[in-house]
$ cat start_23.txt   # compact mmCIF, C-alpha atoms
# COMPACT_ATOMS: atom_id res chain seq x y z
CA MET A 19 67.32 220.83 -30.44
CA LEU A 20 65.15 222.44 -27.83
CA ALA A 21 65.83 219.54 -25.51
CA PHE A 22 69.43 220.57 -25.35
CA ASN A 23 68.59 224.19 -24.82
CA PHE A 24 67.08 224.00 -21.38
CA PHE A 25 67.40 226.72 -18.73
CA GLY A 26 66.50 229.01 -21.58
CA ALA A 27 70.13 229.65 -22.31
CA THR A 28 71.02 231.39 -25.49
CA GLU A 29 74.06 230.67 -27.60
CA GLY A 30 77.29 230.90 -25.60
CA GLY A 31 75.42 230.58 -22.32
CA LEU A 32 76.63 228.74 -19.27
CA PHE A 33 74.41 225.73 -19.77
CA ASP A 34 75.04 225.13 -23.44
CA ILE A 35 75.35 221.46 -24.07
CA ASN A 36 77.20 220.70 -27.27
CA ALA A 37 79.66 218.31 -28.84
CA THR A 38 82.19 219.09 -26.12
CA LEU A 39 80.36 216.56 -23.98
CA PRO A 40 80.99 213.40 -26.05
CA LEU A 41 84.47 214.65 -26.91
CA MET A 42 85.32 215.05 -23.24
CA ALA A 43 83.83 211.64 -22.46
CA ILE A 44 85.93 209.97 -25.16
CA GLN A 45 88.93 211.91 -23.96
CA VAL A 46 88.47 210.77 -20.37
CA VAL A 47 88.00 207.13 -21.42
CA ALA A 48 91.15 207.34 -23.51
CA LEU A 49 92.94 209.00 -20.62
CA THR A 50 91.87 206.12 -18.36
CA TYR A 51 93.55 203.63 -20.67
CA ILE A 52 96.64 205.78 -21.13
CA LEU A 53 97.02 206.40 -17.41
CA ASN A 54 96.41 202.73 -16.67
CA SER A 55 99.30 201.64 -18.86
CA LEU A 56 101.50 204.62 -18.05
CA PHE A 57 100.86 205.13 -14.36
CA PHE A 58 98.63 202.71 -12.49
CA LYS A 59 100.09 199.45 -13.78
CA PRO A 60 103.83 200.23 -13.55
CA VAL A 61 103.60 202.05 -10.21
CA GLY A 62 101.30 199.35 -8.87
CA ASN A 63 103.73 196.65 -9.93
CA VAL A 64 106.63 198.37 -8.21
CA VAL A 65 104.69 199.16 -5.03
CA GLU A 66 103.12 195.72 -4.76
CA LYS A 67 106.43 194.01 -5.47
CA ARG A 68 107.98 196.03 -2.68
CA GLU A 69 105.08 195.31 -0.32
CA LYS A 70 105.45 191.60 -1.06
CA PHE A 71 109.21 191.85 -0.55
CA VAL A 72 108.75 193.59 2.79
CA SER A 73 106.09 191.18 4.05
CA ASN A 74 108.17 188.19 2.92
CA ASN A 75 111.15 189.60 4.75
CA ILE A 76 109.09 190.15 7.87
CA ILE A 77 107.82 186.55 7.73
CA GLU A 78 111.34 185.27 7.15
CA ALA A 79 112.68 187.34 10.03
CA LYS A 80 109.92 186.04 12.29
CA ASN A 81 110.76 182.47 11.31
CA LYS A 82 114.42 183.10 11.98
CA LEU A 83 113.64 184.67 15.32
CA SER A 84 111.54 181.70 16.40
CA GLU A 85 114.30 179.38 15.22
CA VAL A 86 116.84 181.37 17.22
CA LYS A 87 114.60 181.19 20.28
CA LYS A 88 114.23 177.44 19.85
CA LEU A 89 118.00 177.04 19.50
CA GLU A 90 118.52 179.23 22.54
CA ALA A 91 116.15 177.09 24.59
CA ASP A 92 117.89 173.95 23.30
CA LEU A 93 121.23 175.38 24.26
CA LEU A 94 119.97 176.30 27.72
CA THR A 95 118.70 172.78 28.37
CA GLN A 96 121.94 171.37 27.06
CA LEU A 97 123.86 173.71 29.31
CA GLN A 98 121.72 172.64 32.24
CA ILE A 99 122.36 168.97 31.47
CA ALA A 100 126.08 169.57 31.11
CA ARG A 101 126.14 171.49 34.35
CA THR A 102 124.42 168.71 36.33
CA GLU A 103 126.64 166.15 34.69
CA ALA A 104 129.73 168.12 35.62
CA GLN A 105 128.47 168.43 39.15
CA LYS A 106 127.92 164.68 39.28
CA ILE A 107 131.41 164.02 37.97
CA VAL A 108 132.93 166.42 40.45
CA SER A 109 131.08 164.89 43.39
CA GLU A 110 131.97 161.40 42.18
CA ALA A 111 135.61 162.34 41.96
CA GLU A 112 135.42 163.89 45.41
CA ASN A 113 133.88 160.74 46.83
CA GLU A 114 136.48 158.58 45.17
CA SER A 115 139.39 160.64 46.40
CA ASP A 116 137.83 160.62 49.84
CA LYS A 117 137.55 156.85 49.67
CA LEU A 118 141.12 156.48 48.45
CA TYR A 119 142.33 158.77 51.21
CA LYS A 120 140.47 156.80 53.82
CA GLU A 121 141.79 153.52 52.45
CA ALA A 122 145.34 154.79 52.43
CA LEU A 123 144.90 156.12 55.93
CA GLU A 124 143.52 152.84 57.14
CA LEU A 125 146.32 150.91 55.48
CA ALA A 126 148.93 153.15 57.03
CA ASN A 127 147.29 152.87 60.43
CA ASN A 128 147.16 149.14 60.17
CA GLU A 129 150.76 148.94 59.14
CA ALA A 130 151.79 151.22 61.93
CA ASN A 131 149.77 149.21 64.43
CA ALA A 132 151.26 145.97 63.13
CA SER A 133 154.80 147.23 63.38
CA LYS A 134 154.06 148.64 66.82
CA GLU A 135 152.68 145.30 67.91
CA LYS A 136 155.66 143.51 66.46
CA ALA A 137 158.03 145.84 68.25
CA ARG A 138 156.12 145.37 71.48
CA LEU A 139 156.26 141.58 71.15
CA GLU A 140 159.97 141.70 70.44
CA ILE A 141 160.55 143.96 73.39
CA GLU A 142 158.50 141.65 75.52
CA SER A 143 160.35 138.54 74.39
CA GLN A 144 163.70 140.22 74.86
CA THR A 145 162.63 141.41 78.29
CA SER A 146 161.56 137.92 79.30
CA ALA A 147 164.74 136.45 77.84
CA ALA A 148 166.79 138.95 79.76
CA ARG A 149 164.79 138.25 82.85
CA ASP A 150 165.35 134.49 82.43
CA GLN A 151 169.03 135.00 81.94
CA LEU A 152 169.14 137.30 84.93
CA SER A 153 167.31 134.81 87.12
CA LYS A 154 169.63 132.06 85.87
CA GLN A 155 172.67 134.14 86.67
CA ALA A 156 171.17 134.93 90.07
CA ASP A 157 170.71 131.18 90.63
CA ASP A 158 174.26 130.50 89.55
CA LEU A 159 175.51 133.28 91.76
CA SER A 160 173.52 132.08 94.77
CA GLU A 161 174.79 128.54 94.21
CA LEU A 162 178.28 129.85 94.05
CA ILE A 163 177.86 131.78 97.31
CA VAL A 164 176.34 128.79 98.98
CA ASN A 165 179.17 126.52 97.87
CA ARG A 166 181.76 128.98 99.05
CA LEU A 167 180.20 129.35 102.43
CA ILE A 168 180.06 125.58 102.83
CA LEU A 169 183.73 125.24 101.90
CA GLU A 170 184.94 127.81 104.41
CA LYS A 171 183.30 126.06 107.25
CA MET B 30 72.47 226.64 -32.60
CA ALA B 31 71.41 225.04 -35.86
CA ASN B 32 74.18 222.47 -35.93
CA TRP B 33 74.60 221.95 -32.22
CA LYS B 34 76.27 218.63 -32.88
CA TYR B 35 79.28 220.26 -34.45
CA GLN B 36 79.63 222.98 -31.92
CA THR B 37 82.33 222.60 -29.39
CA THR B 38 83.86 224.91 -26.86
CA TRP B 39 87.31 224.41 -28.25
CA ALA B 40 88.84 226.61 -25.59
CA GLY B 41 87.93 224.16 -22.85
CA ILE B 42 89.18 221.20 -24.83
CA LEU B 43 92.39 223.04 -25.68
CA THR B 44 92.97 223.83 -22.00
CA SER B 45 92.34 220.22 -21.06
CA TRP B 46 94.84 219.10 -23.71
CA ILE B 47 97.50 221.42 -22.34
CA LEU B 48 96.85 220.31 -18.76
CA LEU B 49 96.62 216.61 -19.56
CA GLY B 50 99.74 216.88 -21.70
CA ALA B 51 101.55 218.38 -18.72
CA LEU B 52 100.15 215.61 -16.48
CA LEU B 53 101.28 212.88 -18.88
CA VAL B 54 104.75 214.41 -19.21
CA PHE B 55 104.98 214.62 -15.43
CA ILE B 56 103.88 211.02 -15.02
CA SER B 57 106.09 209.61 -17.75
CA LEU B 58 109.06 211.50 -16.26
CA GLY B 59 108.29 209.99 -12.87
CA THR B 60 107.83 206.44 -14.13
CA LYS B 61 110.73 206.44 -16.58
CA LYS B 62 113.21 204.80 -14.26
CA MET B 63 111.29 202.86 -11.65
CA GLU B 64 113.46 201.62 -8.85
CA ASN B 65 112.83 199.55 -5.78
CA ASP B 66 114.11 202.43 -3.68
CA PRO B 67 111.92 205.29 -4.87
CA LYS B 68 113.60 208.63 -5.51
CA GLY B 69 112.24 212.08 -6.27
CA LEU B 70 109.26 212.06 -8.62
CA GLN B 71 108.72 208.34 -8.26
CA ASN B 72 108.16 208.90 -4.55
CA LEU B 73 105.48 211.47 -5.28
CA LEU B 74 103.78 209.24 -7.85
CA GLU B 75 103.83 206.30 -5.47
CA PHE B 76 102.26 208.45 -2.79
CA LEU B 77 99.58 209.45 -5.30
CA TRP B 78 99.04 205.84 -6.30
CA ASP B 79 98.74 204.78 -2.68
CA TYR B 80 96.29 207.60 -1.99
CA ILE B 81 94.09 206.57 -4.93
CA ARG B 82 94.30 202.90 -3.95
CA ASP B 83 93.19 203.69 -0.41
CA LEU B 84 90.34 205.77 -1.75
CA ALA B 85 89.21 203.03 -4.14
CA ARG B 86 89.71 200.26 -1.60
CA THR B 87 87.74 201.89 1.20
CA GLN B 88 84.83 202.82 -1.07
CA ILE B 89 84.65 199.85 -3.47
CA GLY B 90 85.88 197.07 -1.24
CA GLU B 91 88.72 194.60 -1.28
CA LYS B 92 87.26 192.34 -3.98
CA VAL B 93 86.91 194.47 -7.09
CA TYR B 94 88.72 197.71 -6.31
CA ARG B 95 91.60 196.70 -8.59
CA ASP B 96 89.33 196.78 -11.66
CA TRP B 97 88.12 200.29 -10.91
CA MET B 98 91.20 201.91 -9.47
CA PRO B 99 92.44 203.27 -12.84
CA PHE B 100 89.05 204.83 -13.56
CA ILE B 101 88.72 206.40 -10.10
CA GLY B 102 92.31 207.57 -10.26
CA THR B 103 91.81 209.06 -13.71
CA LEU B 104 88.70 210.92 -12.55
CA PHE B 105 90.59 212.26 -9.55
CA LEU B 106 93.62 213.32 -11.58
CA PHE B 107 91.55 214.78 -14.39
CA VAL B 108 89.35 216.84 -12.09
CA PHE B 109 92.25 217.85 -9.88
CA VAL B 110 94.50 218.90 -12.76
CA SER B 111 91.64 220.72 -14.47
CA ASN B 112 90.62 222.57 -11.30
CA TRP B 113 94.10 223.55 -10.25
CA GLY B 114 95.17 224.28 -13.79
CA GLY B 115 92.21 226.62 -14.11
CA ALA B 116 92.95 228.30 -10.79
CA LEU B 117 96.74 228.56 -10.95
CA ILE B 118 97.49 229.49 -14.56
CA PRO B 119 96.55 233.01 -15.65
CA TRP B 120 94.69 231.90 -18.78
CA GLY B 121 93.07 235.29 -19.11
CA LEU B 122 96.36 236.71 -20.38
CA ILE B 123 96.12 234.55 -23.53
CA LYS B 124 93.68 236.04 -25.98
CA LEU B 125 91.79 233.73 -28.32
CA PRO B 126 89.73 234.68 -31.37
CA SER B 127 86.67 233.06 -29.77
CA GLY B 128 85.92 231.98 -26.26
CA GLU B 129 88.49 232.00 -23.49
CA LEU B 130 90.75 229.48 -21.86
CA GLY B 131 89.87 228.32 -18.38
CA ALA B 132 89.31 225.30 -16.16
CA PRO B 133 87.72 222.57 -18.28
CA THR B 134 85.65 221.64 -15.25
CA ALA B 135 84.02 225.08 -15.30
CA ASP B 136 82.29 223.88 -18.46
CA ILE B 137 79.05 221.99 -17.84
CA ASN B 138 79.81 219.70 -20.81
CA THR B 139 82.90 218.34 -19.11
CA THR B 140 81.23 217.70 -15.77
CA ILE B 141 78.20 216.07 -17.40
CA ALA B 142 80.52 213.88 -19.46
CA LEU B 143 82.33 212.79 -16.29
CA ALA B 144 79.10 212.21 -14.38
CA LEU B 145 77.60 210.14 -17.21
CA LEU B 146 80.78 208.04 -17.35
CA VAL B 147 80.38 207.43 -13.62
CA SER B 148 76.75 206.38 -14.15
CA LEU B 149 77.71 203.99 -16.94
CA SER B 150 80.52 202.64 -14.78
CA TYR B 151 78.40 201.77 -11.81
CA PHE B 152 75.75 200.14 -13.97
CA TYR B 153 78.46 198.17 -15.72
CA ALA B 154 80.14 197.29 -12.42
CA GLY B 155 76.87 196.08 -10.90
CA LEU B 156 75.77 194.10 -13.94
CA SER B 157 79.16 192.52 -14.63
CA ASN B 158 79.64 191.53 -10.98
CA LYS B 159 76.18 190.35 -10.05
CA GLY B 160 74.37 189.87 -13.35
CA TRP B 161 70.63 190.46 -13.15
CA ARG B 162 70.82 190.20 -9.39
CA TYR B 163 72.09 193.77 -9.58
CA PHE B 164 68.47 194.91 -9.75
CA GLU B 165 67.82 193.41 -6.33
CA TYR B 166 69.52 196.58 -5.16
CA TYR B 167 66.46 198.57 -6.25
CA VAL B 168 64.14 196.68 -3.94
CA HIS B 169 66.71 195.93 -1.34
CA PRO B 170 65.30 196.64 2.09
CA THR B 171 61.71 196.85 0.82
CA PRO B 172 60.11 197.28 -2.63
CA ILE B 173 58.88 200.68 -1.41
CA MET B 174 62.37 201.93 -2.15
CA LEU B 175 62.00 201.23 -5.88
CA PRO B 176 60.89 204.71 -7.03
CA PHE B 177 63.52 206.40 -4.87
CA LYS B 178 66.26 204.17 -6.13
CA ILE B 179 65.24 204.82 -9.71
CA LEU B 180 65.16 208.52 -9.00
CA GLU B 181 68.62 208.20 -7.51
CA ASP B 182 70.00 207.01 -10.84
CA PHE B 183 69.06 210.41 -12.22
CA THR B 184 70.03 212.52 -9.24
CA LYS B 185 73.46 210.93 -8.93
CA PRO B 186 74.87 212.21 -12.24
CA LEU B 187 72.95 215.45 -11.88
CA SER B 188 74.38 216.21 -8.44
CA LEU B 189 77.87 215.04 -9.45
CA SER B 190 78.01 217.27 -12.50
CA PHE B 191 76.37 220.34 -10.98
CA ARG B 192 78.37 220.23 -7.77
CA LEU B 193 81.67 220.22 -9.60
CA PHE B 194 80.58 222.69 -12.26
CA GLY B 195 79.01 225.04 -9.72
CA ASN B 196 81.94 225.09 -7.36
CA ILE B 197 84.58 225.68 -9.99
CA LEU B 198 82.57 228.22 -11.96
CA ALA B 199 81.59 230.08 -8.79
CA ASP B 200 85.21 230.24 -7.72
CA GLU B 201 86.27 231.56 -11.11
CA LEU B 202 83.48 234.15 -11.10
CA VAL B 203 84.21 235.32 -7.56
CA VAL B 204 87.90 235.71 -8.33
CA GLY B 205 87.07 237.40 -11.61
CA VAL B 206 84.70 239.89 -10.01
CA LEU B 207 87.09 240.60 -7.13
CA VAL B 208 90.00 241.12 -9.48
CA PHE B 209 87.83 243.46 -11.50
CA LEU B 210 86.79 245.47 -8.44
CA VAL B 211 89.96 245.39 -6.29
CA PRO B 212 92.91 244.27 -8.36
CA LEU B 213 95.33 244.24 -5.41
CA ILE B 214 95.85 241.79 -2.51
CA LEU B 215 92.17 241.23 -1.72
CA PRO B 216 91.62 238.46 -4.29
CA ILE B 217 94.57 236.46 -2.97
CA PRO B 218 92.79 234.83 0.02
CA VAL B 219 89.88 234.02 -2.25
CA MET B 220 92.32 232.45 -4.72
CA PHE B 221 93.73 230.27 -1.94
CA LEU B 222 90.22 229.33 -0.95
CA GLY B 223 89.68 228.46 -4.61
CA LEU B 224 92.69 226.15 -4.63
CA PHE B 225 91.35 224.47 -1.50
CA THR B 226 87.88 224.07 -3.00
CA SER B 227 89.39 222.73 -6.21
CA ALA B 228 91.30 220.00 -4.40
CA ILE B 229 88.32 219.13 -2.21
CA GLN B 230 86.02 218.94 -5.23
CA ALA B 231 88.38 216.53 -6.99
CA LEU B 232 88.45 214.35 -3.89
CA ILE B 233 84.66 214.50 -3.52
CA PHE B 234 84.08 213.60 -7.16
CA ALA B 235 86.42 210.62 -7.05
CA THR B 236 85.14 209.45 -3.66
CA LEU B 237 81.50 209.64 -4.73
CA ALA B 238 82.22 207.85 -8.00
CA ALA B 239 83.97 205.09 -6.06
CA TYR B 240 81.13 205.00 -3.54
CA TYR B 241 78.51 204.57 -6.29
CA ILE B 242 80.51 201.76 -7.85
CA GLY B 243 81.00 200.18 -4.44
CA GLU B 244 77.27 200.42 -3.78
CA ALA B 245 76.57 198.66 -7.06
CA VAL B 246 78.95 195.75 -6.48
CA GLU B 247 78.13 195.34 -2.78
CA GLU B 248 76.58 191.98 -1.86
CA HIS B 249 73.38 192.13 0.18
CA HIS B 250 72.78 189.31 2.57
$ encode --input "start_23.txt" --output "structure tokens"
Amino acid sequence: MLAFNFFGATEGGLFDINATLPLMAIQVVALTYILNSLFFKPVGNVVEKREKFVSNNIIEAKNKLSEVKKLEADLLTQLQIARTEAQKIVSEAENESDKLYKEALELANNEANASKEKARLEIESQTSAARDQLSKQADDLSELIVNRLILEK
Amino acid sequence: MANWKYQTTWAGILTSWILLGALLVFISLGTKKMENDPKGLQNLLEFLWDYIRDLARTQIGEKVYRDWMPFIGTLFLFVFVSNWGGALIPWGLIKLPSGELGAPTADINTTIALALLVSLSYFYAGLSNKGWRYFEYYVHPTPIMLPFKILEDFTKPLSLSFRLFGNILADELVVGVLVFLVPLILPIPVMFLGLFTSAIQALIFATLAAYYIGEAVEEHH
């Protein structure tokens, strides 16, 4: 009994140790269990579920973002390829039309030259024919003059 | 004093019942409809939960803090509610046939009970986590530490209980004396100081309890 009456306290003193001690201890242990089932577990479940939800969403969003970036890069390369291809097609078409133009030009030139030549030849032949005829007529005429002169004498 | 075993300071226990009843009502109101988007009381309780988790996690460590979080949280809430309940509610207005109502933590029995529970807890935590290797802690840097570490097992509960008891009782006495001498205005700053001390003491008690448990479960390499 004296062991619990240290500091020389008398009954009702500040340092009286009595059955309140074990009662309080039991009460606190019971309170721990009550609070665990009433407060710590349910609130913990909700908070941790939300934390998991948020972190999952963040991971998902990050995955989606990286996927989007990959798709974007893909699209850019595809665009690049398409652009070069289009350029090639355009230049090819330009070349071809150039070629066709040149061919047509050449053909037309040739034709024109040919017809010019033909016309020249014809003119030449007609000229020579005319000249022949003219010289023949001149011969005839000279013969006629000569004959007449001879007859008058 | 003849039958000390049967003597209790019923006033303190009665106060603690009233305060804990209020706490439990508050908590069960807040956790009644738990939603993923917290509203009102649930928000407050989640903040409290987060606060206690941070406290337990920083002191005890990532590995076992979950096991001890309810105990640390209960200590914090019990001490906090008792201290503030004692400081905020004018218990002196209620007359009892014997004894008087007041902060349960101003009773040395309560604080010793809490401190002994903390002692038991850290022994249990150390032994259940590390088995007999727990006693390596006593000779950890060098065996010279052994007597000091043994002494520590006695000073820890002693300092825990007397710090809390002393602070709360001193605050009550100072306010009581001031109110008796100057019943107007002057006690108010001291009362605010008391509220501050009360909150700090609850935090200190819970933090130290968590620290002792953390010390016991810590692995030395």
$ residues_around --input "start_23.txt" --residues "region 48-52 of chain A" --least-positions-apart "6" --cutoff "10 Å" --atoms "all atoms listed in the file" --output "PyMOL selection string"
(chain A and resi 42+58) or (chain B and resi 49+53+98-104+107)
$ write_last_selection --input "start_23.txt" --atoms "C-alpha atoms" --output "short mmCIF file (atom, residue, chain, number, x, y, z; two decimals), keeping the file's coordinate frame"
data_model
loop_
_atom_site.label_atom_id
_atom_site.label_comp_id
_atom_site.auth_asym_id
_atom_site.auth_seq_id
_atom_site.Cartn_x
_atom_site.Cartn_y
_atom_site.Cartn_z
CA MET A 42 85.32 215.05 -23.24
CA PHE A 58 98.63 202.71 -12.49
CA LEU B 49 96.62 216.61 -19.56
CA LEU B 53 101.28 212.88 -18.88
CA MET B 98 91.20 201.91 -9.47
CA PRO B 99 92.44 203.27 -12.84
CA PHE B 100 89.05 204.83 -13.56
CA ILE B 101 88.72 206.40 -10.10
CA GLY B 102 92.31 207.57 -10.26
CA THR B 103 91.81 209.06 -13.71
CA LEU B 104 88.70 210.92 -12.55
CA PHE B 107 91.55 214.78 -14.39
#
$ closest_residue --input "start_23.txt" --among "B:Leu145, B:Leu189, B:Leu70, B:Ile42" --to "Ile233 (chain B)" --atoms "only C-alpha atoms"
B:Leu189
$ axis_aligned_box --input "start_23.txt" --around "region 104-108 of chain A" --padding-each-side "4 Å" --output "AutoDock Vina command-line options"
--center_x 130.4 --center_y 166.2 --center_z 38.0 --size_x 13.0 --size_y 12.4 --size_z 12.8
$ residues_around --input "start_23.txt" --residues "region 158-171 of chain B" --least-positions-apart "5" --cutoff "10 Å" --atoms "only C-alpha atoms" --output "ChimeraX atom specification"
/B:93,152-153,176-179,181,244-250
$ interface_residues --input "start_23.txt" --of "chain A" --to "chain B" --cutoff "6 Å" --atoms "all atoms listed in the file" --output "list in words"
Ile35, Asn36, Ala37, Thr38, Leu39, Met42, Ala43, Thr50 and Asn54 of chain A
$ atom_distance --input "start_23.txt" --atom1 "CA of Phe191 (chain B)" --atom2 "CA of Ala235 (chain B)"
14.5 Å
$ residues_around --input "start_23.txt" --residues "Leu222 (chain B)" --least-positions-apart "5" --cutoff "9 Å" --atoms "only C-alpha atoms" --output "NGL selection string"
:B and (200 or 217 or 227)
$ atom_distance --input "start_23.txt" --atom1 "CA of Gln88 (chain B)" --atom2 "CA of Tyr240 (chain B)"
5.0 Å
$ atom_distance --input "start_23.txt" --atom1 "CA of Phe234 (chain B)" --atom2 "CA of Leu58 (chain B)"
26.7 Å
$ residues_around --input "start_23.txt" --residues "Gly223 (chain B)" --least-positions-apart "3" --cutoff "8 Å" --atoms "all atoms listed in the file" --output "ChimeraX atom specification"
/B:116,197,200-201,219-220,226-227
$ closest_residue --input "start_23.txt" --among "A:Asn165, A:Glu78, A:Ser143, A:Leu53" --to "Phe105 (chain B)" --atoms "all atoms listed in the file"
A:Leu53
$ closest_residue --input "start_23.txt" --among "B:Ile173, B:Ala238, B:Ala154, B:Val204" --to "Leu117 (chain B)" --atoms "only C-alpha atoms"
B:Val204
